[in-house]
Amino acid sequence: PKRVPEQVGAAEERVNALLSGSAREHSAQDISPIQVKKRIREIVWNNMMYEKSETGLKDAMEKFAKVEEELAPNMRLRSGSTSFNYDLVDALDVQDMLDVCRVAAHASLTRQESRGPHFREEFPFTDNDNWLKRIVMRKEQGQVKTRFEPVQQKYLRPKPGKIDYFGDPYV
């Protein structure tokens with residue numbers, strides 16, 4: 001793919017802002033990037049792992065917004081160096097983690113069934129009539145856009161209808 005100059009410039013600005021922030025005075029609100037990453041992981045673990053619910057997923061999305069508004073702006077690197085600067089790597093990870101986690105939560109809210117490792121408390125069945133499709137997400141101008149793609153069943157033909165997620169071992 002071709003390089004997009006605007007994206008390259010935005011990435012350079014992001015790195016430079018993080019590096020220049022390391023030179024400012026310490027404040028009581030400063031937080032290390034790894035602490036922000038730990039908070040994101042806690043939110044995912046508590047709301048988006050094995051059992052998902054609408055309440056938990058919406059709670060996660062609110063908490064991700066709070067991390068982005070309150071914690072991420074107060075990240076401070078211990079060094080302004082570009083060599084072996086793990087704080088810089090972690091700080092760059094934070095925004096990517098927030099983006100991916102939000103899209104995953106949005107996709108989980110969209111899929112109103114349980115399938116594979118995705119279990120929704122409100123929808124304890126696999127629905128092959130309505131949900132045998134891929135959910136494709138992308139972020140566009142700050143908004144999550146959704147589209148659905150059919151799943152090509154070349155060799156495997158799942159049972160039609162709604163199937164109890166826990167009752168049928170072949171779901």
# chains A, B, ... in the order shown; residues from 1 in each chain; ligands from 1
$ residues_around --residues "Val100 (chain A)" --least-positions-apart "5" --cutoff "12 Å" --atoms "only C-alpha atoms" --output "JSON, numbers by chain"
{"A": [40, 41, 44, 61, 64, 93, 94, 95, 105, 106, 107, 137, 138, 139, 144]}
$ residues_around --residues "region 48-51 of chain A" --least-positions-apart "2" --cutoff "12 Å" --atoms "only C-alpha atoms" --output "VMD selection string"
chain A and resid 40 to 46 53 to 61 101 to 109 113 to 124
$ select_by_dssp --residues "region 41-118 of chain A" --states "strand (DSSP E or B)" --output "list in words"
Glu51, Lys52, Met75, Arg115 and His118 of chain A
$ atom_distance --atom1 "CA of Gln29 (chain A)" --atom2 "CA of Ser79 (chain A)"
17.4 Å
$ residues_around --residues "region 154-159 of chain A" --least-positions-apart "6" --cutoff "12 Å" --atoms "only C-alpha atoms" --output "mmCIF file with all heavy atoms, in the first residue's frame"
data_model
loop_
_atom_site.group_PDB
_atom_site.id
_atom_site.type_symbol
_atom_site.label_atom_id
_atom_site.label_comp_id
_atom_site.auth_asym_id
_atom_site.auth_seq_id
_atom_site.Cartn_x
_atom_site.Cartn_y
_atom_site.Cartn_z
ATOM 1 N N ARG A 115 -21.563 -17.479 20.142
ATOM 2 C CA ARG A 115 -20.915 -18.313 19.123
ATOM 3 C C ARG A 115 -19.441 -18.417 19.461
ATOM 4 O O ARG A 115 -18.781 -17.420 19.725
ATOM 5 C CB ARG A 115 -21.095 -17.682 17.739
ATOM 6 C CG ARG A 115 -20.475 -18.464 16.596
ATOM 7 C CD ARG A 115 -20.740 -17.821 15.254
ATOM 8 N NE ARG A 115 -22.150 -17.728 14.932
ATOM 9 C CZ ARG A 115 -22.847 -18.680 14.308
ATOM 10 N NH1 ARG A 115 -22.262 -19.789 13.944
ATOM 11 N NH2 ARG A 115 -24.129 -18.509 14.052
ATOM 12 N N THR A 126 -27.002 -19.986 19.802
ATOM 13 C CA THR A 126 -26.347 -19.724 18.523
ATOM 14 C C THR A 126 -27.464 -19.636 17.493
ATOM 15 O O THR A 126 -28.295 -20.539 17.403
ATOM 16 C CB THR A 126 -25.362 -20.853 18.168
ATOM 17 O OG1 THR A 126 -24.353 -20.887 19.180
ATOM 18 C CG2 THR A 126 -24.703 -20.625 16.821
ATOM 19 N N ASP A 127 -27.494 -18.565 16.742
ATOM 20 C CA ASP A 127 -28.573 -18.307 15.794
ATOM 21 C C ASP A 127 -28.017 -18.343 14.377
ATOM 22 O O ASP A 127 -27.572 -17.336 13.834
ATOM 23 C CB ASP A 127 -29.197 -16.947 16.105
ATOM 24 C CG ASP A 127 -30.393 -16.624 15.237
ATOM 25 O OD1 ASP A 127 -30.675 -17.386 14.284
ATOM 26 O OD2 ASP A 127 -31.042 -15.595 15.500
ATOM 27 N N ASN A 128 -28.050 -19.538 13.772
ATOM 28 C CA ASN A 128 -27.486 -19.707 12.433
ATOM 29 C C ASN A 128 -28.349 -19.094 11.334
ATOM 30 O O ASN A 128 -27.859 -18.863 10.234
ATOM 31 C CB ASN A 128 -27.244 -21.186 12.143
ATOM 32 C CG ASN A 128 -26.079 -21.722 12.936
ATOM 33 O OD1 ASN A 128 -25.116 -21.016 13.199
ATOM 34 N ND2 ASN A 128 -26.170 -22.978 13.348
ATOM 35 N N ASP A 129 -29.603 -18.810 11.626
ATOM 36 C CA ASP A 129 -30.451 -18.184 10.611
ATOM 37 C C ASP A 129 -30.129 -16.710 10.435
ATOM 38 O O ASP A 129 -30.135 -16.192 9.318
ATOM 39 C CB ASP A 129 -31.936 -18.338 10.978
ATOM 40 C CG ASP A 129 -32.421 -19.775 10.847
ATOM 41 O OD1 ASP A 129 -31.750 -20.577 10.169
ATOM 42 O OD2 ASP A 129 -33.468 -20.087 11.437
ATOM 43 N N TRP A 131 -27.350 -14.926 12.250
ATOM 44 C CA TRP A 131 -26.016 -14.439 12.596
ATOM 45 C C TRP A 131 -24.882 -15.263 12.012
ATOM 46 O O TRP A 131 -23.756 -15.167 12.470
ATOM 47 C CB TRP A 131 -25.866 -14.324 14.112
ATOM 48 C CG TRP A 131 -26.646 -13.162 14.613
ATOM 49 C CD1 TRP A 131 -27.861 -13.181 15.216
ATOM 50 C CD2 TRP A 131 -26.269 -11.800 14.500
ATOM 51 N NE1 TRP A 131 -28.261 -11.899 15.494
ATOM 52 C CE2 TRP A 131 -27.304 -11.025 15.061
ATOM 53 C CE3 TRP A 131 -25.156 -11.135 13.977
ATOM 54 C CZ2 TRP A 131 -27.264 -9.653 15.130
ATOM 55 C CZ3 TRP A 131 -25.121 -9.763 14.047
ATOM 56 C CH2 TRP A 131 -26.167 -9.034 14.611
ATOM 57 N N LEU A 132 -25.148 -16.035 11.003
ATOM 58 C CA LEU A 132 -24.070 -16.761 10.339
ATOM 59 C C LEU A 132 -23.440 -15.802 9.324
ATOM 60 O O LEU A 132 -23.643 -15.876 8.122
ATOM 61 C CB LEU A 132 -24.602 -18.017 9.655
ATOM 62 C CG LEU A 132 -23.553 -19.023 9.204
ATOM 63 C CD1 LEU A 132 -22.714 -19.487 10.386
ATOM 64 C CD2 LEU A 132 -24.191 -20.208 8.525
ATOM 65 N N ASP A 168 -25.796 -28.112 23.051
ATOM 66 C CA ASP A 168 -25.344 -28.864 21.892
ATOM 67 C C ASP A 168 -23.836 -28.730 21.765
ATOM 68 O O ASP A 168 -23.332 -27.648 21.485
ATOM 69 C CB ASP A 168 -26.030 -28.341 20.621
ATOM 70 C CG ASP A 168 -25.786 -29.218 19.411
ATOM 71 O OD1 ASP A 168 -24.781 -29.953 19.386
ATOM 72 O OD2 ASP A 168 -26.607 -29.155 18.477
ATOM 73 N N TYR A 170 -21.909 -29.484 19.456
ATOM 74 C CA TYR A 170 -21.434 -29.251 18.102
ATOM 75 C C TYR A 170 -21.824 -27.875 17.553
ATOM 76 O O TYR A 170 -21.783 -27.627 16.374
ATOM 77 C CB TYR A 170 -21.946 -30.339 17.171
ATOM 78 C CG TYR A 170 -21.486 -31.701 17.605
ATOM 79 C CD1 TYR A 170 -22.357 -32.576 18.227
ATOM 80 C CD2 TYR A 170 -20.159 -32.071 17.440
ATOM 81 C CE1 TYR A 170 -21.928 -33.826 18.653
ATOM 82 C CE2 TYR A 170 -19.715 -33.304 17.877
ATOM 83 C CZ TYR A 170 -20.597 -34.172 18.482
ATOM 84 O OH TYR A 170 -20.147 -35.395 18.914
ATOM 85 N N VAL A 171 -22.220 -26.968 18.450
ATOM 86 C CA VAL A 171 -22.607 -25.614 18.022
ATOM 87 C C VAL A 171 -21.405 -24.899 17.466
ATOM 88 O O VAL A 171 -20.347 -24.896 17.953
ATOM 89 C CB VAL A 171 -23.235 -24.838 19.194
ATOM 90 C CG1 VAL A 171 -23.377 -23.382 18.836
ATOM 91 C CG2 VAL A 171 -24.589 -25.423 19.515
#
$ select_by_dssp --residues "region 101-170 of chain A" --states "helix (DSSP H, G or I)" --output "NGL selection string"
:A and (101-110)
$ write_last_selection --atoms "C-alpha atoms" --output "PDB file, in the first residue's frame"
ATOM      1  CA  CYS A 101     -11.028  -2.462  22.565  1.00  0.00           C
ATOM      2  CA  ARG A 102     -13.791  -0.043  21.582  1.00  0.00           C
ATOM      3  CA  VAL A 103     -14.286  -1.754  18.225  1.00  0.00           C
ATOM      4  CA  ALA A 104     -14.333  -5.193  19.907  1.00  0.00           C
ATOM      5  CA  ALA A 105     -16.931  -3.984  22.445  1.00  0.00           C
ATOM      6  CA  HIS A 106     -19.003  -2.481  19.651  1.00  0.00           C
ATOM      7  CA  ALA A 107     -18.857  -5.749  17.668  1.00  0.00           C
ATOM      8  CA  SER A 108     -19.821  -7.735  20.781  1.00  0.00           C
ATOM      9  CA  LEU A 109     -22.834  -5.482  21.327  1.00  0.00           C
ATOM     10  CA  THR A 110     -23.816  -5.871  17.683  1.00  0.00           C
TER      11      THR A 110
END
$ residues_around --residues "region 73-75 of chain A" --least-positions-apart "2" --cutoff "8 Å" --atoms "only C-alpha atoms" --output "list in words"
Gln29, Asp30, Ile31, Ser32, Pro33, Val36, Glu68, Glu69, Glu70, Leu71, Leu77 and Ala91 of chain A
$ atom_distance --atom1 "CA of Asn47 (chain A)" --atom2 "CA of Leu92 (chain A)"
23.4 Å
$ closest_residue --among "A:Lys38, A:Arg76, A:Lys63, A:Lys133" --to "Leu18 (chain A)" --atoms "only C-alpha atoms"
A:Arg76
$ atom_distance --atom1 "CA of Leu88 (chain A)" --atom2 "CA of Leu19 (chain A)"
7.5 Å
$ closest_residue --among "A:Ala17, A:Val136, A:Gly161, A:Pro1" --to "Glu149 (chain A)" --atoms "only C-alpha atoms"
A:Val136
